[in-house]
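Novice: There's a structure below that I have some questions on.
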Amino acid sequence: MSLQPSPSLAPPELPAPLGAVRPYGDTTDDGMVQLSFTLPVPHGPRADGAALQLARRMGIDRPMLVHSKPIGSAFTFFVVYGPVLHEVDLDTISVIEREYPLLSAKEINTAIGDRLGRKLVVLGACIGTDAHTVGIDAILNIKGFAGEKGLEYYRELKVLNLGAQVSVPDLVRRAREEGADAVLVSQVVTQRDAHLTNVKELSAELTAEFGESERPLLVVGGPRFDPDAATELGVDRVFGRGTTPADVASFLVHALVGAEG
């Protein structure tokens, strides 16, 4: 379900396909890139040679070693510059585009108030052992992110930020107690794919508690999630880097409030 956007609220039109492109450095289509990395080799001529060999094997033609610095006694940090042999075909790239209009705070509040007739309840948390609350706080807290106020600012949203290291059973219990419409989860800890395991567990337990049709909307975000993996994870949306509170709030209206007529 989605809102019926006015023309001014419709998603922007995408540019026409561009075909194959190469990186831009000094001139169009020169393929120039800059690459930084560390090798477990003591600083010196052998380390520099290893860095250049690696760059060539990665497809950089005539690489230039522009920076070489020791890191302790056994490691060296490099910056390499040069043209790559590869190009990318933009017509073959599949990405998740925003399919709903980006709404203002006034439009979001009006849509919820007029169509839902009550506040929309949102729970947010970092689950498992994850204690990194910067992401969830940026979306939920009124101070917000990137000049936008967080979801607490919207008068028609009831926001409950449960914080860090919330267990999956506790989050499911609170979702039931609060009558949550949406559950927002931020995961930064990714060792041994903990972010994937935790989210799949949460999805399964929410479905077991509420049933497939009544389950709260489940939205996850974090730097290591693949936006294409929502179905595999059992969630309704995956947000990545650069997501703002308005992105999330607009999606909640799109998914939960429904269309007129």
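Labeling convention for the structure tokens: chains A, B, ... as they appear, residues from 1 per chain, ligands from 1 in order of appearance.
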If we count only C-alpha atoms and set the cut-off at 12 Å, which residues sit around stretch 27-39 of chain A, ignoring sequence neighbours fewer than 4 positions away in its own chain? Please answer as an MDAnalysis selection string.

Specialist: chainID A and resid 20:23 43:44 46:56 58:88

Novice: Can you pull out every residue from stretch 31-191 of chain A that DSSP, working from the backbone, puts in strand (DSSP E), and format the result as a PyMOL selection string?

Specialist: chain A and resi 32-39+64-71+75-83+88-89+120-125+157-161+182-186

Novice: Which residues come within 9 Å of A:Asp130, counting only C-alpha atoms, excluding same-chain residues fewer than 3 positions away, as a list of chain:residue names?

Specialist: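 So the residues in contact are A:Cys126, A:Ile127, A:Thr133, A:Ala164, A:Gln165, A:Val166, A:Ser186, A:Gln187, A:Val188, A:Val189, A:His195.
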
Novice: Just the selected residues (all heavy atoms), exported as a PDB file, in the first residue's frame, please.

Specialist:
```pdb
ATOM      1  N   CYS A 126      18.883  -1.706  19.243  1.00  0.00           N
ATOM      2  CA  CYS A 126      20.013  -2.500  18.766  1.00  0.00           C
ATOM      3  C   CYS A 126      19.903  -3.844  19.478  1.00  0.00           C
ATOM      4  O   CYS A 126      19.795  -3.879  20.705  1.00  0.00           O
ATOM      5  CB  CYS A 126      21.344  -1.837  19.110  1.00  0.00           C
ATOM      6  SG  CYS A 126      21.609  -0.243  18.333  1.00  0.00           S
ATOM      7  N   ILE A 127      19.917  -4.928  18.738  1.00  0.00           N
ATOM      8  CA  ILE A 127      19.628  -6.229  19.338  1.00  0.00           C
ATOM      9  C   ILE A 127      20.884  -7.074  19.498  1.00  0.00           C
ATOM     10  O   ILE A 127      21.945  -6.759  18.954  1.00  0.00           O
ATOM     11  CB  ILE A 127      18.570  -6.996  18.524  1.00  0.00           C
ATOM     12  CG1 ILE A 127      19.032  -7.198  17.071  1.00  0.00           C
ATOM     13  CG2 ILE A 127      17.241  -6.277  18.567  1.00  0.00           C
ATOM     14  CD1 ILE A 127      18.055  -8.024  16.237  1.00  0.00           C
ATOM     15  N   THR A 133      24.648   2.516  19.301  1.00  0.00           N
ATOM     16  CA  THR A 133      23.339   3.155  19.168  1.00  0.00           C
ATOM     17  C   THR A 133      23.355   4.401  18.298  1.00  0.00           C
ATOM     18  O   THR A 133      22.321   5.049  18.151  1.00  0.00           O
ATOM     19  CB  THR A 133      22.793   3.537  20.555  1.00  0.00           C
ATOM     20  OG1 THR A 133      23.688   4.486  21.176  1.00  0.00           O
ATOM     21  CG2 THR A 133      22.644   2.323  21.451  1.00  0.00           C
ATOM     22  N   ALA A 164      20.449  -0.160  23.547  1.00  0.00           N
ATOM     23  CA  ALA A 164      21.422  -1.150  23.101  1.00  0.00           C
ATOM     24  C   ALA A 164      21.232  -2.506  23.765  1.00  0.00           C
ATOM     25  O   ALA A 164      20.642  -2.618  24.845  1.00  0.00           O
ATOM     26  CB  ALA A 164      22.837  -0.645  23.388  1.00  0.00           C
ATOM     27  N   GLN A 165      21.748  -3.545  23.081  1.00  0.00           N
ATOM     28  CA  GLN A 165      21.840  -4.906  23.602  1.00  0.00           C
ATOM     29  C   GLN A 165      20.490  -5.419  24.107  1.00  0.00           C
ATOM     30  O   GLN A 165      20.384  -6.005  25.179  1.00  0.00           O
ATOM     31  CB  GLN A 165      22.899  -4.969  24.706  1.00  0.00           C
ATOM     32  CG  GLN A 165      24.297  -4.642  24.196  1.00  0.00           C
ATOM     33  CD  GLN A 165      25.375  -4.747  25.256  1.00  0.00           C
ATOM     34  OE1 GLN A 165      25.127  -4.426  26.422  1.00  0.00           O
ATOM     35  NE2 GLN A 165      26.555  -5.183  24.875  1.00  0.00           N
ATOM     36  N   VAL A 166      19.468  -5.205  23.310  1.00  0.00           N
ATOM     37  CA  VAL A 166      18.126  -5.696  23.629  1.00  0.00           C
ATOM     38  C   VAL A 166      17.993  -7.114  23.073  1.00  0.00           C
ATOM     39  O   VAL A 166      18.281  -7.368  21.901  1.00  0.00           O
ATOM     40  CB  VAL A 166      17.048  -4.782  23.018  1.00  0.00           C
ATOM     41  CG1 VAL A 166      15.649  -5.311  23.330  1.00  0.00           C
ATOM     42  CG2 VAL A 166      17.214  -3.352  23.532  1.00  0.00           C
ATOM     43  N   SER A 186      18.782  -1.441  14.368  1.00  0.00           N
ATOM     44  CA  SER A 186      20.087  -1.060  13.837  1.00  0.00           C
ATOM     45  C   SER A 186      21.113  -2.087  14.287  1.00  0.00           C
ATOM     46  O   SER A 186      21.158  -2.460  15.458  1.00  0.00           O
ATOM     47  CB  SER A 186      20.486   0.327  14.343  1.00  0.00           C
ATOM     48  OG  SER A 186      21.799   0.662  13.946  1.00  0.00           O
ATOM     49  N   GLN A 187      21.928  -2.559  13.334  1.00  0.00           N
ATOM     50  CA  GLN A 187      22.963  -3.545  13.642  1.00  0.00           C
ATOM     51  C   GLN A 187      24.277  -3.120  13.017  1.00  0.00           C
ATOM     52  O   GLN A 187      24.368  -2.947  11.793  1.00  0.00           O
ATOM     53  CB  GLN A 187      22.563  -4.922  13.111  1.00  0.00           C
ATOM     54  CG  GLN A 187      21.428  -5.583  13.870  1.00  0.00           C
ATOM     55  CD  GLN A 187      21.903  -6.322  15.099  1.00  0.00           C
ATOM     56  OE1 GLN A 187      22.101  -7.521  15.089  1.00  0.00           O
ATOM     57  NE2 GLN A 187      22.106  -5.594  16.187  1.00  0.00           N
ATOM     58  N   VAL A 188      25.294  -2.957  13.860  1.00  0.00           N
ATOM     59  CA  VAL A 188      26.631  -2.599  13.393  1.00  0.00           C
ATOM     60  C   VAL A 188      27.595  -3.767  13.571  1.00  0.00           C
ATOM     61  O   VAL A 188      28.470  -4.003  12.737  1.00  0.00           O
ATOM     62  CB  VAL A 188      27.155  -1.345  14.124  1.00  0.00           C
ATOM     63  CG1 VAL A 188      28.597  -1.053  13.734  1.00  0.00           C
ATOM     64  CG2 VAL A 188      26.266  -0.139  13.804  1.00  0.00           C
ATOM     65  N   VAL A 189      27.444  -4.526  14.647  1.00  0.00           N
ATOM     66  CA  VAL A 189      28.308  -5.686  14.900  1.00  0.00           C
ATOM     67  C   VAL A 189      28.014  -6.763  13.868  1.00  0.00           C
ATOM     68  O   VAL A 189      26.872  -7.232  13.735  1.00  0.00           O
ATOM     69  CB  VAL A 189      28.088  -6.233  16.322  1.00  0.00           C
ATOM     70  CG1 VAL A 189      28.869  -7.526  16.510  1.00  0.00           C
ATOM     71  CG2 VAL A 189      28.517  -5.203  17.363  1.00  0.00           C
ATOM     72  N   HIS A 195      24.802  -9.864  12.522  1.00  0.00           N
ATOM     73  CA  HIS A 195      23.688  -8.993  12.131  1.00  0.00           C
ATOM     74  C   HIS A 195      22.626  -9.763  11.362  1.00  0.00           C
ATOM     75  O   HIS A 195      21.424  -9.525  11.542  1.00  0.00           O
ATOM     76  CB  HIS A 195      24.198  -7.804  11.318  1.00  0.00           C
ATOM     77  CG  HIS A 195      24.914  -8.146  10.056  1.00  0.00           C
ATOM     78  ND1 HIS A 195      25.942  -9.072   9.999  1.00  0.00           N
ATOM     79  CD2 HIS A 195      24.751  -7.697   8.785  1.00  0.00           C
ATOM     80  CE1 HIS A 195      26.370  -9.167   8.757  1.00  0.00           C
ATOM     81  NE2 HIS A 195      25.669  -8.347   8.004  1.00  0.00           N
TER      82      HIS A 195
END
```

Novice: Find the residues near A:Arg174: any atom within 12 Å, counting only C-alpha atoms, skip ones fewer than 5 places away on the same chain, and give them as number ranges by chain.

Specialist: A: 121-125, 160-162, 166-169, 179-183, 206, 209, 216

Novice: Report, in Å to a single decimal, how far apart atom CA of A:Ser250 and atom CA of A:Tyr153 are.

Specialist: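 Atom-to-atom, atom CA of A:Tyr153 and atom CA of A:Ser250 are spaced 13.7 Å apart.
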
Novice: Using atom CA of A:Pro245 and atom CA of A:Asp226 as the two end points, give the distance in Å to one decimal.

Specialist: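 Interatomic distance, atom CA of A:Pro245 to atom CA of A:Asp226: 19.2 Å.
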
Novice: Figure out the distance between atom CA of A:Ala105 and atom CA of A:Ala246, please, to one decimal in Å.

Specialist: 7.7 Å

Novice: Which polymer residues have any atom within 12 Å of an atom of A:Leu252, counting only C-alpha atoms, with same-chain residues fewer than 2 positions away left out, as a compact mmCIF listing (two decimals) with N, CA, C and O atoms, in the first residue's frame?

Specialist:
```txt
# COMPACT_ATOMS: atom_id res chain seq x y z
N MET A 1 0.84 -1.19 0.00
CA MET A 1 0.00 0.00 0.00
C MET A 1 0.87 1.24 0.00
O MET A 1 1.95 1.25 0.57
N SER A 2 0.38 2.32 -0.61
CA SER A 2 1.15 3.55 -0.65
C SER A 2 0.23 4.73 -0.72
O SER A 2 -0.94 4.62 -1.10
N LEU A 3 0.73 5.88 -0.33
CA LEU A 3 0.00 7.12 -0.49
C LEU A 3 -0.13 7.45 -1.96
O LEU A 3 0.73 7.12 -2.77
N TYR A 100 8.62 5.54 -3.30
CA TYR A 100 7.58 6.32 -2.63
C TYR A 100 8.05 7.77 -2.50
O TYR A 100 9.25 8.06 -2.51
N PRO A 101 7.11 8.71 -2.38
CA PRO A 101 7.52 10.12 -2.28
C PRO A 101 8.14 10.43 -0.93
O PRO A 101 7.77 9.85 0.09
N LEU A 102 9.10 11.34 -0.93
CA LEU A 102 9.71 11.82 0.31
C LEU A 102 8.84 12.94 0.84
O LEU A 102 8.72 14.01 0.24
N LEU A 103 8.22 12.70 2.00
CA LEU A 103 7.23 13.62 2.54
C LEU A 103 7.85 14.55 3.57
O LEU A 103 8.82 14.21 4.24
N ILE A 108 3.54 14.04 6.68
CA ILE A 108 3.53 12.77 7.41
C ILE A 108 2.53 12.81 8.55
O ILE A 108 1.72 11.89 8.73
N ASN A 109 2.56 13.87 9.33
CA ASN A 109 1.62 14.01 10.45
C ASN A 109 0.17 14.04 9.97
O ASN A 109 -0.71 13.41 10.55
N ALA A 111 -1.08 12.79 7.14
CA ALA A 111 -1.47 11.49 6.61
C ALA A 111 -1.82 10.52 7.73
O ALA A 111 -2.84 9.81 7.67
N ILE A 112 -0.99 10.48 8.76
CA ILE A 112 -1.26 9.56 9.87
C ILE A 112 -2.52 9.97 10.61
O ILE A 112 -3.39 9.14 10.91
N LEU A 120 0.98 6.47 15.35
CA LEU A 120 1.65 5.29 14.84
C LEU A 120 2.80 4.94 15.78
O LEU A 120 3.65 5.79 16.07
N VAL A 121 2.81 3.70 16.28
CA VAL A 121 3.74 3.30 17.33
C VAL A 121 4.98 2.65 16.71
O VAL A 121 4.88 1.67 15.97
N VAL A 122 6.15 3.22 17.04
CA VAL A 122 7.42 2.75 16.49
C VAL A 122 8.36 2.37 17.63
O VAL A 122 8.62 3.18 18.52
N LEU A 151 12.54 10.87 14.45
CA LEU A 151 11.12 10.51 14.47
C LEU A 151 10.41 11.00 15.71
O LEU A 151 9.18 11.17 15.70
N GLU A 156 2.60 12.76 15.34
CA GLU A 156 1.71 11.61 15.17
C GLU A 156 2.43 10.28 15.28
O GLU A 156 1.86 9.23 14.99
N LEU A 157 3.70 10.31 15.71
CA LEU A 157 4.45 9.09 15.97
C LEU A 157 4.71 8.94 17.46
O LEU A 157 5.16 9.89 18.12
N ASP A 181 3.38 -0.73 15.67
CA ASP A 181 3.09 -0.81 14.24
C ASP A 181 4.35 -1.13 13.44
O ASP A 181 4.28 -1.73 12.37
N ALA A 182 5.50 -0.69 13.97
CA ALA A 182 6.77 -0.90 13.27
C ALA A 182 7.88 -1.12 14.27
O ALA A 182 7.89 -0.51 15.35
N VAL A 183 8.82 -1.98 13.92
CA VAL A 183 10.01 -2.23 14.73
C VAL A 183 11.21 -1.88 13.87
O VAL A 183 11.38 -2.41 12.76
N LEU A 184 12.06 -0.97 14.38
CA LEU A 184 13.26 -0.53 13.68
C LEU A 184 14.47 -1.07 14.41
O LEU A 184 14.60 -0.89 15.64
N PRO A 216 4.20 -6.62 13.19
CA PRO A 216 4.62 -5.24 12.94
C PRO A 216 5.57 -5.17 11.75
O PRO A 216 6.31 -6.12 11.45
N LEU A 217 5.56 -4.04 11.09
CA LEU A 217 6.52 -3.80 10.02
C LEU A 217 7.92 -3.90 10.60
O LEU A 217 8.20 -3.35 11.66
N LEU A 218 8.81 -4.59 9.92
CA LEU A 218 10.17 -4.79 10.42
C LEU A 218 11.15 -4.12 9.46
O LEU A 218 11.24 -4.50 8.29
N VAL A 219 11.87 -3.12 9.98
CA VAL A 219 12.82 -2.34 9.19
C VAL A 219 14.19 -2.45 9.85
O VAL A 219 14.31 -2.27 11.06
N ASP A 236 10.84 -6.10 6.01
CA ASP A 236 10.08 -5.33 5.03
C ASP A 236 10.91 -4.28 4.32
O ASP A 236 10.55 -3.86 3.22
N ARG A 237 12.01 -3.87 4.92
CA ARG A 237 12.88 -2.88 4.27
C ARG A 237 14.26 -2.92 4.91
O ARG A 237 14.39 -3.12 6.11
N PRO A 245 16.09 10.48 8.78
CA PRO A 245 14.78 10.25 9.42
C PRO A 245 13.62 10.41 8.45
O PRO A 245 12.64 9.65 8.52
N ALA A 246 13.69 11.37 7.54
CA ALA A 246 12.60 11.57 6.58
C ALA A 246 12.43 10.37 5.67
O ALA A 246 11.30 10.03 5.28
N ASP A 247 13.54 9.73 5.29
CA ASP A 247 13.46 8.51 4.48
C ASP A 247 12.61 7.45 5.20
O ASP A 247 11.73 6.83 4.61
N VAL A 248 12.94 7.25 6.48
CA VAL A 248 12.26 6.20 7.25
C VAL A 248 10.81 6.58 7.52
O VAL A 248 9.90 5.75 7.34
N ALA A 249 10.56 7.81 7.93
CA ALA A 249 9.19 8.24 8.23
C ALA A 249 8.31 8.15 6.99
O ALA A 249 7.15 7.72 7.06
N SER A 250 8.84 8.55 5.84
CA SER A 250 8.06 8.48 4.60
C SER A 250 7.74 7.04 4.24
O SER A 250 6.64 6.73 3.76
N HIS A 254 4.11 5.25 3.77
CA HIS A 254 3.88 4.50 2.52
C HIS A 254 3.40 3.08 2.82
O HIS A 254 2.45 2.58 2.19
N ALA A 255 4.02 2.42 3.78
CA ALA A 255 3.76 1.01 4.01
C ALA A 255 2.59 0.75 4.96
O ALA A 255 1.92 -0.28 4.83
N LEU A 256 2.34 1.66 5.90
CA LEU A 256 1.39 1.38 6.96
C LEU A 256 0.09 2.16 6.89
O LEU A 256 -0.95 1.68 7.33
N VAL A 257 0.14 3.37 6.37
CA VAL A 257 -1.06 4.21 6.43
C VAL A 257 -2.01 3.88 5.30
O VAL A 257 -3.23 3.91 5.47
N GLY A 258 -1.51 3.55 4.12
CA GLY A 258 -2.35 3.13 3.02
C GLY A 258 -2.76 4.26 2.12
O GLY A 258 -2.58 5.43 2.42
```

Novice: Identify which of the residues A:Arg98, A:Leu116, A:Pro42, A:Ile93 lies closest to A:Phe251, counting only C-alpha atoms when measuring atom-to-atom distances.

Specialist: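 Checking each candidate against A:Phe251, we get A:Arg98 as the closest.
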
Novice: Enumerate, as a ChimeraX atom specification, the complete set of residues in stretch 20-259 of chain A that a backbone-based DSSP assignment places in helix (DSSP H, G or I).

Specialist: /A:45-57,90-92,105-115,134-140,151-153,168-178,191-210,227-233,245-257
